[in-house]
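Visitor: Please find one structure pasted underneath; my questions will follow.
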Amino acid sequence: METALLKEIQKRVVEWREAGRNGIENETINILSHIERTAFLHKPQIEALETYVYLKEIAGNKPTGELFKAYFPDQIEALTALGYSDADAFKFLKEKRSLDEILDTAFGESDYINQVFALTMGSGKTVLMAVMMMYDFVLSFHHPDDERFAKNALVFAPDTTIIESLKEIKTFDFTKVLPKEYEIIMLNVKYHYLEDPKTPLSLIEGSNYNVIVSNSQKIILKTRRRSKYDANSLFADEKFKEREEIVNKRLRAIQGLSNLSIFVDEAHHSYGKNMDKELKKVRQTIEHLHGNEPLVGVVNLTGTPYVNNVMMADTVYHFGLKQGVERGILKRVEFYKYDNVKDEAFVFDVLQSFWGQYGEKRLEGKLPKIALYSASIDDLRDNLKPLIEKGLRNLGVSTDKILEYHTEAEENKEDFQLLDTPQSEKQFVLLVGKGTEGWNCRSLTACALFRKPKSTIFVLQSSTRCLRSIGDNSTIASIYLSNENHKVLDKELRNNFATSIDELSGHKAKSAEFELRVEKRKKLTVKRKVRELLSVRRKDWENMKINLKDAESDKYTSFVSKGKIDADSKSGEAHYKADVEMGRVLKQKTDMTFYEILEFVNRYTHVGCLELKRLLETNKISPAKLTKVVKENKEVVYYLVDVVLENLYDYEHKEDVIEEEIELTKNYPFKINILEDRKSLIVFRETVEENEGEGRLGFHINPYNFDSGDEKDIFLHLRSTLDADEDIVDVYFTGGVTTAVHNDFYFEYCDPENDNRLSKYFPDFLVETSKGRYLVIEVKTGQEQHNYERNKKEYKGKKKDVYSTVFAKELGFESFRELNQDFEYRIVFSTSLREWKKEVADAIGTIKKN
């Protein structure tokens, strides 16, 4: 169950977002706007980042305990928010106990900012961590004295396997989330990965923009105990002293960093009563660093924000396992429970089920895989592996598809790291102590637990590894468990995710998320008209006449009129009658000062306040007179802006023709979200090739996201019928990406449905021929055909004559074609299968002849 504080924070973040995200720094506005345009991040990542920004820039950058007190100032309300019943809350007050003691227990006694961001697996915690750092670095660069923003970052990972996955922080393409103007800042970031105990940490004194990534044991405070037998263990003690000195040097180097933020990955390890001594020392080390120089804050990231079914009090954002399935970030899942079954029967049934359901059907070009976890290496080698080999031989499957990986099979590490690639032929992955947290293998479609492991949390971590989505996310994951492991998993799901096996089984996704990737980069050279509006300030502008009475014209005056519906005295029919006589003027009053009026006019005209003052003096308008008039009618201020702009400049329209290179694949990859009932319109190249064979045409991006079944059918028809035609270079579906951030191929047209405003139109298909000519195909429904043909017949050359959007787009293309004669345009109305196939064939024939 989510905490009252989390709900309150998220309610306020939503209100702030919907109100326009006011009150933040300009750099933050630029970053959030860029992130929205590029659409690279998952929605949960954006929501979490917004929460991070809100708490820093809007909520005052306070510890969660202080936030709680600010949001729940009333003691009864605060106790209820902490989970007390009304009776217990009144009893608490009657006993005159201190609320601060309760809050210290819930949120800790530390005075630094400590926040938990809980995002389920597959939702991109590592990238989110990198984005948070980048945001801090950019803001601290532009606001160096603002202590809210970090200049250095330390990342604690629970073990070395997580460090490997955290290398994405360094390799991540920051241009996906940061505008180009901040590139120089990111080029100055220095990364330090402390994977080996002997790796020194070399920091330049006083330097900024360092990212240090280490598992906790390499940095945490050490307590050195001397051996009772110093004389007999001299050399061993010297080695220990050397190791301790390295750790101390690292800690001292980090202590010298200013404006430090700490990020704790997989933070659930360092919460709760049962964390081990090493993990407790992570918290002690954080306290030590904060005591040396105040930390900017501590950001904890986890997929499991619950400890014994109670959410961590510091949680400020939560995106759970069920939400991941519903939004299509995770696969749907089915659980198989085995009661009273022998080892051989369990293994054989799992193999048969996996092979029958998934076999060798590739997903994004990768073979599906199953991870089979064993409790020990001996058990794997003596029992599990021989049974797997026997079962595969019975199925007629090569045993070369088996991969064994554990501490005694490190020679297979490279094969393990290549599992999620099209090159890997391994499908049966046998693991001991590997493949849990941090393992990202999207082509893993099933997991099976052979024997009960010693750790119950291991059951949770291992069995849910197969949930990360892949392709169109139609693949359902399978988890095979003994009855004993089934009970353990259900309990751990309740304790760590506040969900259960029953809730997840067959849980339907409401939407699905897809990442569009570039397969073939495509650029075109076209000509475009560039229009400029040049403004030249008039030399005599100060001689303009200002008459404040003009502000009382209808243009600036608001009216309230009255009307009524009445029955005719003779016929008895009801009718509406406007009462013109009762119209009255509505004036907006204001208390603006003279200089506030000047500042307002300056904001919209860029004319200096002193110049405006002289202009008013020329027109014999004193400060007192203007203030008095504006006080009674604020519309006078808008009149002043208009009159200054009308008389300040002469405008000249300039039009040039330029040649530019346009790109069909800009700023990729990026993500789109599709409703579940429209998933059939997402088409992957691999799926088409599996069903219809390989082909050379189409899929410059993968997958294609069609708007209609007609578009999808026409593409598949074009691909199959034109593949052998040497005159056709390629076919591109361009209508699925309708933003200039990712696709330059558009025409401008005047939209009759939007007051004839200039709009961008992204056509559906582009067919390229070997003669350097192009055919643009637009697919429309049969219902739109009548309106289009009637408008085309009635059109007399004037903008006001256009009412069909389809025809308006054709006119937009004609303007483009005046400069680009190598392009032809054809509208295909999907009236019947036979008709549109004939239209497409005719259009292709025409472009090939010319």
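By order of appearance in the structure tokens: chains A, B, ..., then residues from 1 within every chain, and ligands from 1 in the order shown.
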Tell me, as JSON, numbers by chain, which residues lie within 7 Å of Glu824 (chain A), counting only C-alpha atoms; anything in the same chain fewer than 5 positions away does not count.

Guide: {"A": [774, 775, 776]}

Visitor: Based on the selection just made, write all heavy atoms of those residues as a short mmCIF file (atom, residue, chain, number, x, y, z; two decimals), in the first residue's frame.

Guide:
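Okay, this is what ended up in result-v8.cif:
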data_model
loop_
_atom_site.label_atom_id
_atom_site.label_comp_id
_atom_site.auth_asym_id
_atom_site.auth_seq_id
_atom_site.Cartn_x
_atom_site.Cartn_y
_atom_site.Cartn_z
N TYR A 774 10.62 10.05 -57.32
CA TYR A 774 9.92 9.58 -56.11
C TYR A 774 8.42 9.67 -56.31
O TYR A 774 7.92 10.61 -56.93
CB TYR A 774 10.31 10.44 -54.90
CG TYR A 774 11.78 10.39 -54.56
CD1 TYR A 774 12.68 11.29 -55.14
CD2 TYR A 774 12.27 9.44 -53.68
CE1 TYR A 774 14.03 11.25 -54.84
CE2 TYR A 774 13.62 9.39 -53.37
CZ TYR A 774 14.50 10.31 -53.95
OH TYR A 774 15.83 10.26 -53.64
N LEU A 775 7.73 8.68 -55.76
CA LEU A 775 6.27 8.69 -55.74
C LEU A 775 5.81 8.78 -54.28
O LEU A 775 6.19 7.96 -53.45
CB LEU A 775 5.70 7.41 -56.37
CG LEU A 775 4.19 7.22 -56.25
CD1 LEU A 775 3.43 8.30 -57.01
CD2 LEU A 775 3.78 5.83 -56.73
N VAL A 776 5.00 9.80 -54.00
CA VAL A 776 4.42 9.96 -52.68
C VAL A 776 3.00 9.40 -52.72
O VAL A 776 2.19 9.79 -53.57
CB VAL A 776 4.39 11.45 -52.27
CG1 VAL A 776 3.68 11.62 -50.92
CG2 VAL A 776 5.81 12.02 -52.22
#

Visitor: Extract, using only C-alpha atoms, all DNA, RNA and protein residues at most 10 Å from region 91-105 of chain A, discarding same-chain residues fewer than 6 positions from it, and format them as a PyMOL selection string.

Guide: chain A and resi 64-66+68-69+75-76+78-79+82+84-85+313

Visitor: Take the residues from that selection and write them out as an mmCIF file, in the first residue's frame, keeping N, CA and C atoms.

Guide:
data_model
loop_
_atom_site.group_PDB
_atom_site.id
_atom_site.type_symbol
_atom_site.label_atom_id
_atom_site.label_comp_id
_atom_site.auth_asym_id
_atom_site.auth_seq_id
_atom_site.Cartn_x
_atom_site.Cartn_y
_atom_site.Cartn_z
ATOM 1 N N THR A 64 12.604 14.300 3.604
ATOM 2 C CA THR A 64 11.226 13.811 3.527
ATOM 3 C C THR A 64 10.476 14.006 4.846
ATOM 4 N N GLY A 65 11.186 13.944 5.972
ATOM 5 C CA GLY A 65 10.531 14.183 7.256
ATOM 6 C C GLY A 65 9.981 15.599 7.367
ATOM 7 N N GLU A 66 10.748 16.571 6.874
ATOM 8 C CA GLU A 66 10.283 17.960 6.885
ATOM 9 C C GLU A 66 9.126 18.157 5.908
ATOM 10 N N PHE A 68 6.979 15.911 5.132
ATOM 11 C CA PHE A 68 5.809 15.308 5.778
ATOM 12 C C PHE A 68 5.162 16.301 6.742
ATOM 13 N N LYS A 69 5.980 16.961 7.564
ATOM 14 C CA LYS A 69 5.445 17.927 8.533
ATOM 15 C C LYS A 69 4.776 19.101 7.825
ATOM 16 N N GLN A 75 -1.611 17.441 13.926
ATOM 17 C CA GLN A 75 -1.074 16.223 14.534
ATOM 18 C C GLN A 75 -1.949 15.001 14.268
ATOM 19 N N ILE A 76 -3.266 15.169 14.380
ATOM 20 C CA ILE A 76 -4.167 14.047 14.103
ATOM 21 C C ILE A 76 -4.018 13.604 12.653
ATOM 22 N N ALA A 78 -1.429 14.041 10.759
ATOM 23 C CA ALA A 78 -0.109 13.444 10.582
ATOM 24 C C ALA A 78 -0.093 11.994 11.067
ATOM 25 N N LEU A 79 -0.691 11.758 12.240
ATOM 26 C CA LEU A 79 -0.724 10.392 12.773
ATOM 27 C C LEU A 79 -1.547 9.466 11.886
ATOM 28 N N LEU A 82 0.410 8.457 8.997
ATOM 29 C CA LEU A 82 1.426 7.463 9.343
ATOM 30 C C LEU A 82 0.827 6.078 9.577
ATOM 31 N N TYR A 84 -1.889 5.436 11.805
ATOM 32 C CA TYR A 84 -2.572 5.281 13.081
ATOM 33 C C TYR A 84 -4.090 5.330 12.874
ATOM 34 N N SER A 85 -4.832 4.537 13.639
ATOM 35 C CA SER A 85 -6.285 4.648 13.646
ATOM 36 C C SER A 85 -6.663 5.897 14.437
ATOM 37 N N ALA A 313 9.301 4.580 3.988
ATOM 38 C CA ALA A 313 8.704 5.889 4.286
ATOM 39 C C ALA A 313 9.221 6.992 3.372
#

Visitor: I want to know what sits within 12 Å of Gly297 (chain A), based on only C-alpha atoms, with residues of the same chain fewer than 2 positions away left out; could you give that as a ChimeraX atom specification?

Guide: /A:52,55-56,61-64,110-116,132-133,136,147-154,259-264,286-287,289-290,293-295,299-300

Visitor: What's around region 352-366 of chain A at 8 Å? Count only C-alpha atoms, leave out sequence neighbours fewer than 5 positions away in its own chain, and write the answer as number ranges by chain.

Guide: A: 395, 420-424, 443, 446, 470-471, 684, 686

Visitor: Which residues in region 665-747 of chain A does DSSP call alpha helix (DSSP H)? List them as an MDAnalysis selection string.

Guide: chainID A and resid 685:692 709:722

Visitor: Tell me which protein, DNA and RNA residues are within 9 Å of Lys792 (chain A), counting only C-alpha atoms, leaving out same-chain ones fewer than 6 positions away, and put them as a PDB file with N, CA and C atoms, in the first residue's frame.

Guide:
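Saved file selection.pdb follows:
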ATOM      1  N   VAL A 802     -11.377  26.117 -49.813  1.00  0.00           N
ATOM      2  CA  VAL A 802     -10.936  24.763 -49.440  1.00  0.00           C
ATOM      3  C   VAL A 802     -11.606  24.341 -48.140  1.00  0.00           C
ATOM      4  N   SER A 804     -11.966  20.524 -47.704  1.00  0.00           N
ATOM      5  CA  SER A 804     -11.541  19.130 -47.543  1.00  0.00           C
ATOM      6  C   SER A 804     -10.061  19.095 -47.142  1.00  0.00           C
ATOM      7  N   PHE A 807      -7.878  17.404 -49.782  1.00  0.00           N
ATOM      8  CA  PHE A 807      -7.574  18.289 -50.913  1.00  0.00           C
ATOM      9  C   PHE A 807      -6.569  19.364 -50.496  1.00  0.00           C
TER      10      PHE A 807
END

Visitor: For Asp339 (chain A), work out the shell of residues within 9 Å, counting only C-alpha atoms and skipping chain neighbours fewer than 6 positions away, then give it as an NGL selection string.

Guide: :A and (482-484)

Visitor: Can you pull out the residues contacting region 488-492 of chain A? Cut-off 12 Å, using only C-alpha atoms, and skip same-chain residues under 4 positions away; I want them as a VMD selection string.

Guide: chain A and resid 304 306 to 309 335 337 449 452 to 464 479 to 484 496 to 505

Visitor: Could you pull out the residues in region 609-671 of chain A that DSSP calls strand (DSSP E or B) from the backbone, as a PyMOL selection string?

Guide: chain A and resi 649-663+670-671
